[in-house]
file start.cif (mmCIF, C-alpha atoms)
data_start
#
loop_
_atom_site.label_atom_id
_atom_site.label_comp_id
_atom_site.auth_asym_id
_atom_site.auth_seq_id
_atom_site.Cartn_x
_atom_site.Cartn_y
_atom_site.Cartn_z
CA MET A 204 -69.19 -200.14 -50.47
CA ASN A 205 -66.71 -202.08 -48.39
CA ILE A 206 -63.28 -202.34 -49.94
CA GLU A 207 -62.31 -205.24 -47.71
CA ASN A 208 -64.50 -207.44 -49.87
CA ASN A 209 -62.79 -208.79 -52.91
CA GLN A 210 -65.46 -207.30 -55.10
CA GLU A 211 -65.80 -207.92 -58.79
CA ILE A 212 -65.03 -204.88 -60.91
CA LYS A 213 -68.07 -203.83 -62.89
CA SER A 214 -67.84 -203.41 -66.61
CA ARG A 215 -70.01 -201.85 -69.27
CA ASP A 216 -68.95 -203.05 -72.69
CA ASP A 217 -65.89 -200.90 -73.31
CA TYR A 218 -64.95 -199.51 -69.92
CA LEU A 219 -64.57 -200.47 -66.28
CA PHE A 220 -66.06 -198.42 -63.49
CA ASP A 221 -66.30 -198.75 -59.75
CA GLU A 222 -66.13 -196.77 -56.55
CA LEU A 223 -64.66 -197.09 -53.09
CA GLU A 224 -65.36 -195.35 -49.85
CA ILE A 225 -62.70 -194.84 -47.19
CA THR A 226 -62.69 -193.09 -43.85
CA GLY A 227 -60.00 -190.82 -42.47
CA GLN A 228 -57.32 -193.45 -42.01
CA GLY A 229 -54.07 -193.46 -43.97
CA ARG A 230 -53.88 -197.22 -43.74
CA ARG A 231 -56.75 -197.63 -46.19
CA LEU A 232 -54.57 -196.13 -48.94
CA VAL A 233 -52.92 -199.54 -49.34
CA ALA A 234 -56.30 -200.95 -50.36
CA VAL A 235 -56.86 -198.04 -52.75
CA ARG A 236 -53.52 -198.73 -54.46
CA LYS A 237 -54.30 -202.45 -54.76
CA PHE A 238 -57.63 -201.54 -56.32
CA ILE A 239 -55.93 -199.23 -58.86
CA ASP A 240 -53.43 -201.98 -59.69
CA LYS A 241 -56.26 -204.38 -60.41
CA MET A 242 -58.34 -202.02 -62.54
CA ALA A 243 -55.37 -200.60 -64.46
CA GLU A 244 -54.06 -204.08 -65.10
CA GLU A 245 -57.40 -205.21 -66.52
CA SER A 246 -57.52 -202.10 -68.71
CA GLY A 247 -54.02 -202.62 -70.11
CA PHE A 248 -52.20 -199.66 -68.50
CA ASN A 249 -48.43 -200.14 -68.23
CA GLU A 250 -46.41 -200.18 -64.99
CA THR A 251 -45.35 -196.53 -65.30
CA ASP A 252 -48.95 -195.37 -65.79
CA LYS A 253 -50.05 -197.50 -62.83
CA PHE A 254 -47.36 -195.99 -60.61
CA ASP A 255 -48.28 -192.44 -61.70
CA ILE A 256 -51.99 -193.02 -61.03
CA LYS A 257 -51.28 -194.56 -57.62
CA VAL A 258 -49.09 -191.63 -56.52
CA ALA A 259 -51.52 -188.96 -57.79
CA VAL A 260 -54.64 -190.63 -56.34
CA GLY A 261 -52.76 -191.29 -53.09
CA GLU A 262 -51.88 -187.59 -52.81
CA ALA A 263 -55.49 -186.58 -53.49
CA CYS A 264 -56.74 -189.07 -50.89
CA ALA A 265 -54.16 -187.95 -48.32
CA ASN A 266 -55.30 -184.32 -48.86
CA ALA A 267 -58.93 -185.42 -48.53
CA ILE A 268 -58.21 -187.30 -45.32
CA GLU A 269 -56.15 -184.47 -43.83
CA HIS A 270 -58.28 -181.48 -44.86
CA GLY A 271 -61.49 -182.90 -46.20
CA SER A 272 -62.53 -184.88 -43.18
CA PRO A 273 -63.29 -182.29 -40.49
CA ARG A 274 -65.22 -184.85 -38.44
CA GLY A 275 -62.46 -187.45 -38.63
CA LYS A 276 -63.58 -191.03 -39.12
CA ARG A 277 -67.21 -189.95 -39.44
CA ASP A 278 -66.35 -188.30 -42.76
CA LYS A 279 -66.08 -190.45 -45.83
CA VAL A 280 -63.86 -190.00 -48.85
CA ARG A 281 -65.42 -191.45 -51.98
CA ILE A 282 -63.25 -192.43 -54.92
CA THR A 283 -64.78 -193.18 -58.31
CA PHE A 284 -62.84 -194.93 -61.04
CA ILE A 285 -63.54 -195.11 -64.76
CA PHE A 286 -60.99 -196.99 -66.86
CA GLU A 287 -61.63 -196.62 -70.59
CA ALA A 288 -59.59 -198.08 -73.43
CA ASP A 289 -57.35 -195.00 -73.72
CA TYR A 290 -57.62 -193.16 -70.44
CA ALA A 291 -58.60 -193.34 -66.78
CA ILE A 292 -60.71 -190.83 -64.87
CA ILE A 293 -60.53 -190.90 -61.09
CA GLU A 294 -62.47 -188.58 -58.80
CA VAL A 295 -61.69 -188.15 -55.10
CA ILE A 296 -64.68 -186.63 -53.35
CA ASP A 297 -64.49 -185.40 -49.77
CA GLU A 298 -66.68 -183.58 -47.28
CA GLY A 299 -64.39 -180.72 -46.27
CA VAL A 300 -62.92 -177.43 -47.40
CA PHE A 301 -60.10 -177.64 -49.93
CA LYS A 302 -56.83 -176.10 -48.81
CA PRO A 303 -54.44 -175.77 -51.72
CA ARG A 304 -50.86 -176.18 -50.61
CA PHE A 305 -47.99 -175.49 -52.91
CA PRO A 306 -44.36 -175.64 -51.89
CA SER A 307 -42.87 -172.20 -51.46
CA PHE A 308 -40.17 -171.24 -53.90
CA ASP A 309 -37.77 -169.90 -51.29
CA SER A 310 -36.49 -173.27 -50.24
CA GLN A 311 -36.43 -176.75 -51.70
CA LEU A 312 -36.19 -177.98 -48.15
CA ASN A 313 -39.76 -176.89 -47.59
CA TYR A 314 -41.27 -180.31 -48.02
CA ARG A 315 -44.93 -179.74 -47.27
CA GLY A 316 -47.46 -179.22 -50.00
CA ARG A 317 -46.02 -181.34 -52.75
CA GLY A 318 -49.27 -183.21 -53.33
CA ILE A 319 -50.72 -180.91 -55.97
CA PRO A 320 -47.47 -180.52 -57.96
CA PHE A 321 -47.30 -184.33 -57.97
CA MET A 322 -50.81 -184.62 -59.36
CA LEU A 323 -50.10 -182.00 -62.03
CA ALA A 324 -46.82 -183.64 -63.05
CA LEU A 325 -48.08 -187.22 -63.16
CA MET A 326 -51.56 -186.82 -64.65
CA ASP A 327 -52.71 -185.37 -67.95
CA GLU A 328 -55.50 -183.30 -66.43
CA VAL A 329 -56.26 -182.20 -62.87
CA GLU A 330 -59.43 -180.38 -61.94
CA ILE A 331 -60.31 -179.25 -58.41
CA LYS A 332 -63.95 -178.41 -57.89
CA GLU A 333 -65.28 -176.95 -54.69
CA ARG A 334 -68.92 -177.46 -53.94
CA LYS A 335 -71.14 -176.94 -50.94
CA GLY A 336 -70.10 -179.50 -48.37
CA GLY A 337 -66.94 -180.75 -49.98
CA THR A 338 -64.30 -180.83 -52.66
CA THR A 339 -63.87 -183.04 -55.72
CA VAL A 340 -60.45 -183.66 -57.28
CA LYS A 341 -60.74 -185.08 -60.79
CA LEU A 342 -57.66 -186.77 -62.24
CA ILE A 343 -57.34 -187.92 -65.85
CA LYS A 344 -54.52 -190.12 -67.13
CA LYS A 345 -54.09 -191.03 -70.80
CA LYS A 346 -52.73 -194.48 -71.54
CA ASN A 347 -49.07 -194.43 -72.69
CA MET B 231 -47.69 -203.80 -48.07
CA ASP B 232 -45.87 -202.56 -45.01
CA LEU B 233 -42.43 -200.98 -44.76
CA LYS B 234 -39.46 -202.91 -43.40
CA ILE B 235 -36.33 -201.01 -42.39
CA ALA B 236 -33.00 -202.72 -41.76
CA VAL B 237 -30.14 -200.66 -40.35
CA GLU B 238 -26.51 -201.61 -40.88
CA GLU B 239 -23.32 -199.78 -39.93
CA LYS B 240 -20.88 -199.76 -42.78
CA ASP B 241 -17.54 -197.97 -42.80
CA ASP B 242 -18.48 -194.96 -40.67
CA ALA B 243 -21.95 -194.55 -42.15
CA MET B 244 -25.36 -195.98 -41.33
CA VAL B 245 -27.17 -197.73 -44.17
CA LEU B 246 -30.97 -197.90 -43.98
CA ARG B 247 -32.40 -200.53 -46.31
CA LEU B 248 -36.06 -199.93 -47.01
CA ASP B 249 -38.29 -202.73 -48.27
CA GLY B 250 -41.94 -202.04 -49.07
CA GLU B 251 -44.07 -198.94 -49.51
CA VAL B 252 -43.42 -195.48 -48.07
CA ASP B 253 -46.70 -193.59 -47.74
CA VAL B 254 -48.54 -191.39 -45.28
CA TYR B 255 -49.11 -194.45 -43.08
CA THR B 256 -45.58 -195.93 -43.08
CA ALA B 257 -43.50 -192.72 -43.38
CA PRO B 258 -43.61 -192.06 -39.58
CA LYS B 259 -41.70 -195.34 -39.09
CA LEU B 260 -38.90 -194.06 -41.32
CA LYS B 261 -39.00 -190.69 -39.57
CA SER B 262 -38.51 -192.25 -36.14
CA ARG B 263 -35.58 -194.38 -37.40
CA LEU B 264 -33.87 -191.30 -38.81
CA ILE B 265 -34.45 -189.37 -35.57
CA ASP B 266 -33.06 -192.31 -33.56
CA LEU B 267 -29.87 -192.31 -35.65
CA VAL B 268 -29.36 -188.57 -35.20
CA ASP B 269 -30.00 -188.94 -31.45
CA GLN B 270 -27.27 -191.61 -31.40
CA GLY B 271 -24.86 -189.18 -33.05
CA LYS B 272 -24.98 -190.85 -36.46
CA PHE B 273 -24.96 -188.11 -39.07
CA LYS B 274 -23.67 -189.95 -42.16
CA ILE B 275 -26.60 -191.84 -43.59
CA VAL B 276 -27.24 -193.82 -46.76
CA VAL B 277 -30.84 -194.77 -47.57
CA ASP B 278 -31.21 -197.72 -49.94
CA LEU B 279 -34.45 -197.35 -51.94
CA GLU B 280 -33.87 -200.24 -54.33
CA LYS B 281 -36.64 -202.36 -52.77
CA VAL B 282 -39.14 -199.54 -52.40
CA ALA B 283 -42.21 -200.32 -54.47
CA PHE B 284 -44.03 -197.03 -53.81
CA MET B 285 -43.18 -193.62 -52.38
CA ASP B 286 -45.31 -190.48 -52.13
CA SER B 287 -44.76 -186.95 -50.88
CA SER B 288 -44.94 -188.00 -47.24
CA GLY B 289 -41.92 -190.26 -47.83
CA LEU B 290 -40.03 -187.43 -49.50
CA GLY B 291 -40.98 -185.15 -46.64
CA VAL B 292 -39.46 -187.52 -44.10
CA LEU B 293 -36.22 -187.79 -46.09
CA VAL B 294 -36.00 -184.00 -46.38
CA GLY B 295 -36.70 -183.69 -42.64
CA GLY B 296 -33.91 -186.19 -41.97
CA LEU B 297 -31.55 -184.26 -44.22
CA LYS B 298 -32.23 -181.04 -42.30
CA ARG B 299 -31.43 -182.83 -39.05
CA VAL B 300 -28.11 -184.34 -40.19
CA ARG B 301 -27.03 -181.16 -41.96
CA SER B 302 -27.31 -179.26 -38.71
CA HIS B 303 -24.54 -181.61 -37.49
CA ASP B 304 -22.52 -181.32 -40.72
CA GLY B 305 -23.79 -184.72 -41.81
CA SER B 306 -25.37 -185.90 -45.04
CA ILE B 307 -27.85 -188.32 -46.54
CA SER B 308 -27.17 -190.10 -49.84
CA LEU B 309 -29.63 -192.33 -51.61
CA ILE B 310 -29.29 -195.57 -53.56
CA CYS B 311 -31.91 -195.75 -56.28
CA SER B 312 -31.96 -196.96 -59.85
CA GLN B 313 -35.72 -197.42 -60.21
CA GLU B 314 -37.09 -195.03 -62.78
CA ASN B 315 -40.49 -194.59 -61.10
CA ILE B 316 -38.96 -193.63 -57.77
CA LEU B 317 -36.33 -191.40 -59.40
CA LYS B 318 -39.15 -189.62 -61.22
CA ILE B 319 -40.72 -188.36 -58.00
CA PHE B 320 -37.37 -186.93 -56.91
CA ARG B 321 -37.06 -185.20 -60.29
CA ILE B 322 -40.58 -183.76 -60.21
CA THR B 323 -39.88 -182.11 -56.87
CA GLY B 324 -36.37 -180.94 -57.74
CA LEU B 325 -34.96 -183.07 -54.95
CA VAL B 326 -32.39 -184.64 -57.29
CA LYS B 327 -30.47 -181.41 -56.71
CA ILE B 328 -30.66 -181.81 -52.94
CA PHE B 329 -29.92 -185.52 -52.46
CA PRO B 330 -26.89 -187.22 -54.02
CA ILE B 331 -28.42 -190.31 -55.69
CA PHE B 332 -26.37 -193.33 -56.77
CA ASP B 333 -27.17 -196.65 -58.37
CA ASN B 334 -24.77 -198.59 -56.14
CA GLU B 335 -23.86 -198.75 -52.49
CA GLY B 336 -20.12 -198.24 -52.95
CA GLN B 337 -20.48 -194.79 -54.46
CA ALA B 338 -23.20 -193.82 -52.00
CA LEU B 339 -20.95 -194.73 -49.05
CA GLU B 340 -18.03 -192.80 -50.51
CA SER B 341 -20.23 -189.71 -50.88
CA VAL B 342 -21.30 -189.33 -47.24
#
call {"tool": "encode", "arguments": {"input": "start.cif", "output": "structure tokens"}}
result
Amino acid sequence: MNIENNQEIKSRDDYLFDELEITGQGRRLVAVRKFIDKMAEESGFNETDKFDIKVAVGEACANAIEHGSPRGKRDKVRITFIFEADYAIIEVIDEGVFKPRFPSFDSQLNYRGRGIPFMLALMDEVEIKERKGGTTVKLIKKKN
Amino acid sequence: MDLKIAVEEKDDAMVLRLDGEVDVYTAPKLKSRLIDLVDQGKFKIVVDLEKVAFMDSSGLGVLVGGLKRVRSHDGSISLICSQENILKIFRITGLVKIFPIFDNEGQALESV
């Protein structure tokens, strides 16, 4: 699915769902954030929730692009969105090997590897599933 | 949204005013501006985040990298930020203890 198209968000009675596909380019994250804004807005999430979702999904996508795309632009990162009345579920699905990176505790000036702590702090649930041929990061945010 | 960076010399500090989004795509722009300032011998830096609509860990990483550079010359980086969403990401990472953060330019300039 091409995210350049101003596609209509699909809806099934009481929830919105859709998916995007991006290649290994950081620039596409702008489009992902715009998409989250649009879906979250339509589902009645407040500005703080929207910001939290955008940061967490952005971190998951950046990880997927950096580590989950061993063949570069040939690899796709798929992002699925479900926005229900009370919560949002976003899955970031890549084609590479997951490399967990946590900041070390010896120095706060070690600034790599903050992506996962961000996801854990901003979302209500974070699940990282490794499967053959890729990794799926599932993020759940309850509406505040 | 892209990232615009305006640089202004004020008192004996350099003020970087950021306008836009700081993410994995735009953070290198901020990094190169900070490196340029250090290369020019400017080690007292204030970064104004009041017009930043979005910042992720790559943005924080660049600021921390900049801080390491100026500290090695006895310099410092202070931030101007009163936006709750942006402050939150500094709190989550514990960086509120590393960067002096002010809600106005006057105090930020005095601190560097």
call {"tool": "closest_residue", "arguments": {"input": "start.cif", "among": "B:Leu293, B:Ala257, B:Ile322, B:Ala283", "to": "Leu309 in chain B", "atoms": "all atoms listed in the file"}}
result
B:Leu293
call {"tool": "interface_residues", "arguments": {"input": "start.cif", "of": "chain B", "to": "chain A", "cutoff": "7 Å", "atoms": "all atoms listed in the file", "output": "PyMOL selection string"}}
result
chain B and resi 231+254-255+286-287+291+294+315+322
call {"tool": "write_last_selection", "arguments": {"input": "start.cif", "atoms": "C-alpha atoms", "output": "PDB file, keeping the file's coordinate frame"}}
result
ATOM      1  CA  MET B 231     -47.690-203.800 -48.070  1.00  0.00           C
ATOM      2  CA  VAL B 254     -48.540-191.390 -45.280  1.00  0.00           C
ATOM      3  CA  TYR B 255     -49.110-194.450 -43.080  1.00  0.00           C
ATOM      4  CA  ASP B 286     -45.310-190.480 -52.130  1.00  0.00           C
ATOM      5  CA  SER B 287     -44.760-186.950 -50.880  1.00  0.00           C
ATOM      6  CA  GLY B 291     -40.980-185.150 -46.640  1.00  0.00           C
ATOM      7  CA  VAL B 294     -36.000-184.000 -46.380  1.00  0.00           C
ATOM      8  CA  ASN B 315     -40.490-194.590 -61.100  1.00  0.00           C
ATOM      9  CA  ILE B 322     -40.580-183.760 -60.210  1.00  0.00           C
TER      10      ILE B 322
END
call {"tool": "axis_aligned_box", "arguments": {"input": "start.cif", "around": "range 265-270 of chain A", "padding_each_side": "8 Å", "output": "JSON"}}
result
{"center_x": -56.5, "center_y": -184.7, "center_z": -46.3, "size_x": 20.8, "size_y": 22.5, "size_z": 21.0}
call {"tool": "atom_distance", "arguments": {"input": "start.cif", "atom1": "CA of Asp242 in chain B", "atom2": "CA of Lys327 in chain B"}}
result
24.2 Å
call {"tool": "atom_distance", "arguments": {"input": "start.cif", "atom1": "CA of Ile296 in chain A", "atom2": "CA of Met326 in chain A"}}
result
17.3 Å
call {"tool": "resolve_selection", "arguments": {"input": "start.cif", "expression": "the PyMOL selection byres ((chain B and resi 299) around 12)", "output": "list in words"}}
result
Leu312 of chain A; Lys261, Leu264, Ile265, Asp266, Leu267, Val268, Asp269, Gly271, Lys272, Phe273, Lys274, Ile275, Val292, Leu293, Val294, Gly295, Gly296, Leu297, Lys298, Val300, Arg301, Ser302, His303, Asp304, Gly305, Ser306 and Ile307 of chain B
call {"tool": "resolve_selection", "arguments": {"input": "start.cif", "expression": "the PyMOL selection byres ((chain B and resi 312) around 9)", "output": "ChimeraX atom specification"}}
result
/B:279-280,310-311,313-317,331-334
call {"tool": "closest_residue", "arguments": {"input": "start.cif", "among": "B:Leu233, B:Ile319, B:Ala338, B:Val245", "to": "Met322 in chain A", "atoms": "all atoms listed in the file"}}
result
B:Ile319
call {"tool": "residues_around", "arguments": {"input": "start.cif", "residues": "Glu222 in chain A", "least_positions_apart": "4", "cutoff": "9 Å", "atoms": "only C-alpha atoms", "output": "PyMOL selection string"}}
result
chain A and resi 204+281-285
call {"tool": "closest_residue", "arguments": {"input": "start.cif", "among": "A:Ile293, A:Leu342, A:Ala288, A:Val280", "to": "Glu224 in chain A", "atoms": "all atoms listed in the file"}}
result
A:Val280
call {"tool": "atom_distance", "arguments": {"input": "start.cif", "atom1": "CA of Asp278 in chain B", "atom2": "CA of Asp249 in chain B"}}
result
8.8 Å
call {"tool": "closest_residue", "arguments": {"input": "start.cif", "among": "B:Val237, B:Val342, B:Val252, B:Met285", "to": "Phe320 in chain B", "atoms": "all atoms listed in the file"}}
result
B:Met285
call {"tool": "residues_around", "arguments": {"input": "start.cif", "residues": "Lys241 in chain A", "least_positions_apart": "5", "cutoff": "10 Å", "atoms": "all atoms listed in the file", "output": "PDB file with C-alpha atoms, keeping the file's coordinate frame"}}
result
ATOM      1  CA  ILE A 212     -65.030-204.880 -60.910  1.00  0.00           C
ATOM      2  CA  VAL A 235     -56.860-198.040 -52.750  1.00  0.00           C
ATOM      3  CA  ARG A 236     -53.520-198.730 -54.460  1.00  0.00           C
ATOM      4  CA  SER A 246     -57.520-202.100 -68.710  1.00  0.00           C
ATOM      5  CA  LYS A 253     -50.050-197.500 -62.830  1.00  0.00           C
TER       6      LYS A 253
END
call {"tool": "resolve_selection", "arguments": {"input": "start.cif", "expression": "the PyMOL selection byres ((chain B and resi 247) around 6)", "output": "list in words"}}
result
Ile235, Ala236, Leu246, Leu248 and Asp278 of chain B
call {"tool": "decode", "arguments": {"input": "start.cif", "residues": "range 252-265 of chain B", "atoms": "C-alpha atoms", "output": "compact mmCIF listing (two decimals), in the first residue's frame"}}
result
# COMPACT_ATOMS: atom_id res chain seq x y z
CA VAL B 252 13.75 16.32 15.36
CA ASP B 253 13.82 12.68 14.30
CA VAL B 254 16.20 10.13 12.83
CA TYR B 255 16.01 11.98 9.51
CA THR B 256 16.50 15.58 10.71
CA ALA B 257 18.77 14.97 13.74
CA PRO B 258 21.97 14.88 11.60
CA LYS B 259 21.27 18.51 10.64
CA LEU B 260 21.29 19.50 14.31
CA LYS B 261 24.40 17.40 14.89
CA SER B 262 26.33 19.17 12.15
CA ARG B 263 25.30 22.61 13.49
CA LEU B 264 26.52 21.70 16.96
CA ILE B 265 29.80 20.35 15.56
